[in-house]
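Engineer: Quick one: this structure, given as structure tokens, is what I'll be asking you about.
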Amino acid sequence: LTSIGNSAFSGCKGFTGNLELPKGLTDIGDYTFANCVGFTGGLKLPEGLASIGSSAFEMCYDFTSIVIPESATSIGTGAFRYCGGVTGVSIPAGMNTVGAQAFAGCGGLTNVYFGGSPGQWASIAIEPDNELLTGANIYYNTYYASGDSMPALTDNGIPAAVLSPAAGPAESSNLDRQEYSTYGTPVNSYLYDNGSGLTRVEYTWGKVVIENYD
């Protein structure tokens, strides 16, 4: 099996669990699995796949994670539109194009694990109406080949794996500053109200710094 044609499984009901497509598949057509409700796990696309058709998985509401193989270079228009249950997506460093609205309506999307550098991410042609993708937490040089290996999240969306204490807190004049080892090398910074003050969480190369302020 090297390709699945347009609308081949569109509207099929009764699917459950993960969807893992077979090796050797190189092409997924338009609307191939559109509106296939019932999947309750991850979507893992096979290595060797080059492109994902327009609206290929649109309205597959209950997927929880998506793994784009390292061979894929383009994601079609609306490919994962309204996949609202997805919280994590792995995207390879070689991605060139993300079509318009590819991730529109993915309201649960929290974390994007990108296999390349910030510069490589910036070079991807991400077409309009993908704000839920570009506005997610993006972890560079971090690619998960399986949705099951993606780290669990805490209530505020921080991967639980980064909260594994390192040797000890760093010296700082700031109130309650701590450093933690990380599972990857992301670069992001967040500031949020912790109820009694402000907390800054900064993901730097190889560590996480958490600072609490009155």
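Numbering starts fresh at 1 for the residues of each chain in the structure tokens, the chains themselves are lettered A, B, ... in the order given, and ligands are numbered from 1 as they appear.
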Residues within 10 Å of A:Tyr31, please, as a list in words. Count only C-alpha atoms; anything in the same chain fewer than 4 positions from it doesn't count.

Structural biologist: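 What passes the distance filter is Gly5, Asn6, Ser7, Ala8, Phe9, Ser10, Gly11, Asn35, Cys36, Ile52, Gly53, Ser54, Ser55, Ala56, Phe57, Glu58, Met59, Gly78 and Ala79 of chain A.
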
Engineer: From the options A:Met95, A:Thr32, A:Ile4, A:Tyr143, which residue's atoms come nearest to A:Val67, counting only C-alpha atoms?

Structural biologist: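 Distance minimum relative to A:Val67 lands on A:Tyr143.
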
Engineer: In Å, with one decimal, what is the gap from atom CA of A:Phe15 to atom CA of A:Thr73?

Structural biologist: 27.6 Å

Engineer: Do a neighbour search on A:Asn137 at 7 Å with only C-alpha atoms, toss out local chain neighbours closer than 4 positions, and write the hits as a list in words.

Structural biologist: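 My list of contacting residues is Thr110, Asn111 and Val112 of chain A.
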
Engineer: For the selection just defined, write its residues with all heavy atoms to a file, as a compact mmCIF listing (two decimals), in the first residue's frame.

Structural biologist:
```
# COMPACT_ATOMS: atom_id res chain seq x y z
N THR A 110 -1.50 22.51 22.66
CA THR A 110 -0.70 23.21 23.66
C THR A 110 0.78 23.23 23.32
O THR A 110 1.44 24.25 23.45
CB THR A 110 -0.88 22.54 25.04
OG1 THR A 110 -2.27 22.50 25.38
CG2 THR A 110 -0.11 23.29 26.13
N ASN A 111 1.30 22.09 22.85
CA ASN A 111 2.74 21.97 22.63
C ASN A 111 3.06 21.46 21.24
O ASN A 111 2.43 20.52 20.75
CB ASN A 111 3.36 21.01 23.65
CG ASN A 111 3.32 21.56 25.06
OD1 ASN A 111 3.46 22.77 25.26
ND2 ASN A 111 3.11 20.71 26.04
N VAL A 112 4.04 22.11 20.61
CA VAL A 112 4.57 21.68 19.31
C VAL A 112 6.02 21.28 19.52
O VAL A 112 6.82 22.07 20.02
CB VAL A 112 4.47 22.80 18.26
CG1 VAL A 112 5.15 22.37 16.96
CG2 VAL A 112 3.02 23.17 18.01
```

Engineer: State, in Å with one decimal place, the distance from atom CA of A:Ala122 to atom CA of A:Thr97.

Structural biologist: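 Between these atoms lies a distance of 11.2 Å.
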
Engineer: Find the residues near A:Gly48: any atom within 8 Å, counting only C-alpha atoms, skip ones fewer than 2 places away on the same chain, and give them as a list in words.

Structural biologist: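 Answer for this query is Lys23, Gly24, Leu25, Thr26, Pro46, Ala50, Pro69, Glu70, Ser71 and Ala72 of chain A.
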
Engineer: For those residues, write C-alpha atoms to a file as a CSV table (one decimal), in the first residue's frame.

Structural biologist:
```
chain,number,residue,atom,x,y,z
A,23,LYS,CA,5.1,1.6,6.4
A,24,GLY,CA,5.4,2.1,2.6
A,25,LEU,CA,2.6,4.7,2.5
A,26,THR,CA,3.9,7.8,0.6
A,46,PRO,CA,4.6,6.4,8.8
A,50,ALA,CA,5.9,12.8,1.8
A,69,PRO,CA,7.1,11.7,10.1
A,70,GLU,CA,10.5,13.1,9.3
A,71,SER,CA,10.1,12.3,5.6
A,72,ALA,CA,7.1,14.7,5.3
```

Engineer: Please provide the set of residues having any atom within 6 Å of A:Arg81, restricted to only C-alpha atoms, with same-chain residues fewer than 6 positions apart removed, written as an NGL selection string.

Structural biologist: :A and (58 or 102-105)

Engineer: Using the chain letters and numbers from this document, which residues of stretch 33-135 of chain A does DSSP assign to helix (DSSP H, G or I), as a PyMOL selection string?

Structural biologist: chain A and resi 118-122+131-134

Engineer: Residues at most 6 Å from A:Cys83, counting only C-alpha atoms, excluding those fewer than 2 positions away in the same chain, as a ChimeraX atom specification?

Structural biologist: /A:59-61,80-81,85,106

Engineer: One number please: atom CA of A:Phe39 to atom CA of A:Trp121, in Å, one decimal.

Structural biologist: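 We find that atom CA of A:Phe39 and atom CA of A:Trp121 lie 29.3 Å from each other.
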